[in-house]
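Source file run-v2.cif; content: mmCIF, C-alpha atoms.
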data_start
loop_
_atom_site.label_atom_id
_atom_site.label_comp_id
_atom_site.auth_asym_id
_atom_site.auth_seq_id
_atom_site.Cartn_x
_atom_site.Cartn_y
_atom_site.Cartn_z
CA MET A 1 89.09 99.18 101.19
CA GLU A 2 87.36 99.37 104.51
CA PRO A 3 86.40 95.96 105.88
CA LEU A 4 82.99 94.41 105.40
CA THR A 5 80.97 94.55 108.61
CA PRO A 6 78.76 91.63 109.70
CA ARG A 7 75.71 93.84 109.13
CA GLU A 8 76.83 94.62 105.55
CA PHE A 9 77.54 90.92 104.96
CA ARG A 10 74.00 89.97 106.01
CA LYS A 11 72.70 92.41 103.40
CA LEU A 12 74.99 91.60 100.48
CA TYR A 13 71.92 91.19 98.28
CA VAL A 14 71.23 94.95 98.52
CA ILE A 15 74.64 96.09 97.25
CA PRO A 16 73.99 95.51 93.50
CA TYR A 17 70.71 97.45 93.80
CA ASP A 18 72.51 100.24 95.66
CA ILE A 19 75.22 100.41 92.98
CA GLU A 20 72.62 100.49 90.20
CA LYS A 21 70.71 103.39 91.79
CA ARG A 22 73.92 105.34 92.33
CA GLN A 23 74.92 104.69 88.70
CA ARG A 24 71.62 106.14 87.50
CA ARG A 25 72.28 109.26 89.57
CA ILE A 26 75.76 109.53 88.05
CA GLU A 27 74.29 109.30 84.55
CA GLN A 28 71.73 112.02 85.35
CA LEU A 29 74.43 114.35 86.63
CA GLU A 30 76.70 113.62 83.66
CA ALA A 31 73.85 114.44 81.26
CA ILE A 32 73.54 117.86 82.91
CA GLN A 33 77.31 118.35 82.75
CA VAL A 34 77.46 117.73 78.98
CA GLU A 35 76.32 121.29 78.38
CA GLY A 36 79.50 122.50 80.02
CA PRO A 37 79.91 125.14 82.70
CA GLN A 38 77.15 127.69 82.86
CA SER A 39 78.26 131.28 83.08
CA ALA A 40 76.93 133.38 85.88
CA SER A 41 76.90 137.13 86.19
CA ASP A 42 75.86 139.61 88.80
CA VAL A 43 75.84 143.37 89.22
CA VAL A 44 77.80 144.67 92.19
CA LYS A 45 78.57 148.09 93.61
CA SER A 46 82.04 149.35 92.93
CA SER A 47 84.01 152.44 93.74
CA SER A 48 86.60 154.26 91.68
CA GLY A 49 88.39 157.57 91.79
CA GLU A 50 91.73 159.10 92.57
CA GLY A 51 92.86 160.58 95.84
CA ASN A 52 90.00 161.40 98.16
CA ALA A 53 87.43 161.29 95.38
CA CYS A 54 85.26 158.19 95.62
CA ILE A 55 82.75 157.55 92.89
CA LEU A 56 80.23 154.77 93.45
CA SER A 57 79.09 152.92 90.40
CA HIS A 58 77.94 149.49 89.36
CA ALA A 59 80.00 146.79 87.69
CA THR A 60 78.99 143.48 86.15
CA VAL A 61 80.98 140.47 87.35
CA THR A 62 80.91 137.25 85.32
CA GLY A 63 82.28 133.81 86.04
CA THR A 64 81.44 130.11 86.10
CA ASP A 65 78.43 128.91 88.05
CA ILE A 66 79.70 126.94 91.06
CA SER A 67 77.05 124.25 90.60
CA PHE A 68 79.06 122.84 87.66
CA THR A 69 82.07 122.25 89.90
CA ARG A 70 79.88 120.86 92.67
CA ARG A 71 78.29 118.38 90.25
CA GLU A 72 81.74 117.29 89.05
CA ASP A 73 82.79 116.67 92.66
CA GLU A 74 79.56 114.78 93.35
CA ILE A 75 80.05 112.56 90.28
CA LYS A 76 83.59 111.70 91.41
CA ARG A 77 82.38 110.93 94.94
CA LEU A 78 79.55 108.70 93.67
CA LYS A 79 81.93 106.82 91.36
CA ARG A 80 84.39 106.24 94.24
CA THR A 81 81.55 104.93 96.40
CA ASN A 82 80.47 102.52 93.65
CA VAL A 83 84.02 101.19 93.32
CA GLN A 84 84.18 100.61 97.09
CA GLN A 85 80.77 98.91 97.11
CA ARG A 86 81.75 96.59 94.23
CA LYS A 87 84.91 95.60 96.11
CA LYS A 88 82.89 94.88 99.26
CA TYR A 89 80.41 92.80 97.28
CA MET A 90 83.14 90.77 95.60
CA TYR A 91 84.89 90.29 98.95
CA GLY A 92 81.62 89.05 100.48
CA LEU A 93 81.13 86.58 97.64
CA SER A 94 84.72 85.33 98.03
CA LEU A 95 84.12 84.81 101.76
CA ILE A 96 81.10 82.65 100.97
CA GLU A 97 83.06 80.67 98.40
CA SER A 98 85.84 80.10 100.93
CA CYS A 99 83.41 78.14 103.14
CA ASP A 100 84.28 74.42 102.96
CA ASP A 101 80.81 73.14 103.92
CA CYS A 102 78.59 73.07 100.81
CA GLU A 103 75.37 73.14 102.86
CA MET A 104 76.57 76.21 104.76
CA ARG A 105 77.63 77.85 101.50
CA ALA A 106 74.13 77.26 100.12
CA LEU A 107 72.56 78.78 103.24
CA LEU A 108 74.84 81.83 103.09
CA THR A 109 74.15 82.31 99.40
CA ALA A 110 70.38 82.05 99.86
CA VAL A 111 70.17 84.31 102.93
CA CYS A 112 72.95 86.84 102.34
CA THR A 113 73.32 87.18 98.57
CA GLU A 114 69.78 86.38 97.46
CA GLY A 115 68.04 87.98 100.45
CA LYS A 116 65.77 85.02 101.16
CA LYS A 117 64.15 84.66 104.56
CA PRO A 118 65.19 81.57 106.55
CA GLN A 119 61.57 80.33 106.40
CA ILE A 120 61.68 80.29 102.58
CA VAL A 121 65.09 78.59 102.57
CA ALA A 122 63.79 75.91 105.00
CA VAL A 123 60.84 75.17 102.69
CA GLU A 124 63.12 74.97 99.63
CA LEU A 125 65.47 72.59 101.44
CA MET A 126 62.59 70.46 102.70
CA GLU A 127 61.41 70.06 99.09
CA GLN A 128 64.87 68.64 98.35
CA GLY A 129 64.74 66.26 101.31
CA VAL A 130 66.88 68.27 103.74
CA ASP A 131 65.12 68.75 107.08
CA ILE A 132 66.42 71.93 108.72
CA GLY A 133 64.18 74.50 110.35
CA PRO A 134 64.24 78.28 109.85
CA GLU A 135 65.53 78.95 113.37
CA ALA A 136 68.41 76.50 112.84
CA ILE A 137 69.21 78.22 109.53
CA ARG A 138 69.18 81.63 111.22
CA ARG A 139 71.47 80.42 114.04
CA ARG A 140 73.93 78.69 111.70
CA VAL A 141 74.19 81.73 109.42
CA GLU A 142 74.65 84.08 112.39
CA ARG A 143 77.30 81.85 113.96
CA TRP A 144 79.23 81.63 110.67
CA ILE A 145 79.07 85.39 110.14
CA ASN A 146 80.24 86.11 113.70
CA GLN A 147 83.18 83.72 113.27
CA ASN A 148 84.27 84.70 109.75
CA VAL A 149 83.30 88.33 109.02
CA ARG A 150 85.31 91.08 110.68
#

Show the structure stored in the file as structure tokens.
Amino acid sequence: MEPLTPREFRKLYVIPYDIEKRQRRIEQLEAIQVEGPQSASDVVKSSSGEGNACILSHATVTGTDISFTRREDEIKRLKRTNVQQRKKYMYGLSLIESCDDCEMRALLTAVCTEGKKPQIVAVELMEQGVDIGPEAIRRRVERWINQNVR
């Protein structure tokens, strides 16, 4: 698995949405694939004859439409990407859970996994009696990410 970048960590909340959209695309492609490979045919010029005699004629060539194979490859690629994204998401969540400070863990969860703006988080905390401003939240989250996410 490639490492989680600080930018990706800040946007952990988007990963489940990204996975879901990719999964829908996979399902659409698989529905098309159920019909099996489509045969394709084309008429081409051909030559035949013995010795110096060359007779031009037409021949029909049939085979499997390449789009079937391309869709199969695309489905495999999309599934691999989803697996990688799930691993990154789980790794990001485990990083948050590894934080010893419960207040910091709450800030990281709200900002990075729920996608809340620091202003909203500050209001929610103030309602619970914790006085910390949005700029302080932003700085603390950034500092933690810069120290712990590589």

Got a sec: who's within 9 Å of A:Glu72, counting all atoms listed in the file, leaving out chain neighbours fewer than 4 positions off, as a ChimeraX atom specification? /A:29-30,33,67-68,76-77

Those residues with C-alpha atoms, as a PDB file, in the frame of the given file please?
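Contents of the output file out_8.pdb:
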ATOM      1  CA  LEU A  29      74.430 114.350  86.630  1.00  0.00           C
ATOM      2  CA  GLU A  30      76.700 113.620  83.660  1.00  0.00           C
ATOM      3  CA  GLN A  33      77.310 118.350  82.750  1.00  0.00           C
ATOM      4  CA  SER A  67      77.050 124.250  90.600  1.00  0.00           C
ATOM      5  CA  PHE A  68      79.060 122.840  87.660  1.00  0.00           C
ATOM      6  CA  LYS A  76      83.590 111.700  91.410  1.00  0.00           C
ATOM      7  CA  ARG A  77      82.380 110.930  94.940  1.00  0.00           C
TER       8      ARG A  77
END

Selection near stretch 7-18 of chain A, 6 Å with all atoms listed in the file, sequence-local residues under 3 positions removed, as a ChimeraX atom specification: /A:21,112-115

I'd like the neighbourhood of A:Val44 as JSON, numbers by chain, where a residue qualifies if any of its atoms comes within 8 Å (using all atoms listed in the file), though same-chain residues fewer than 2 positions away should be ignored. {"A": [42, 46, 58, 59, 60, 61]}

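Every residue that the PyMOL selection byres ((chain A and resi 85-95) around 7) selects in this file is listed here: Leu4, Phe9, Leu12, Ile15, Thr81, Asn82, Val83, Gln84, Ile96, Glu97, Ser98 and Cys99 of chain A.
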
Quick one, how far is atom CA of A:Arg150 from atom CA of A:Pro6?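 Between atom CA of A:Arg150 and atom CA of A:Pro6 the gap works out to 6.6 Å.
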
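In this model, the gap between atom CA of A:Val34 and atom CA of A:Glu20 comes to 21.1 Å.
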
Provide the atom CA of A:Ile66 to atom CA of A:Pro37 distance in Å, to one decimal place. 8.6 Å

Got a sec to resolve the PyMOL selection byres ((chain A and resi 121-133) around 10) on this structure and send the residues as a PyMOL selection string? chain A and resi 103+106-107+110-111+116-120+134-138
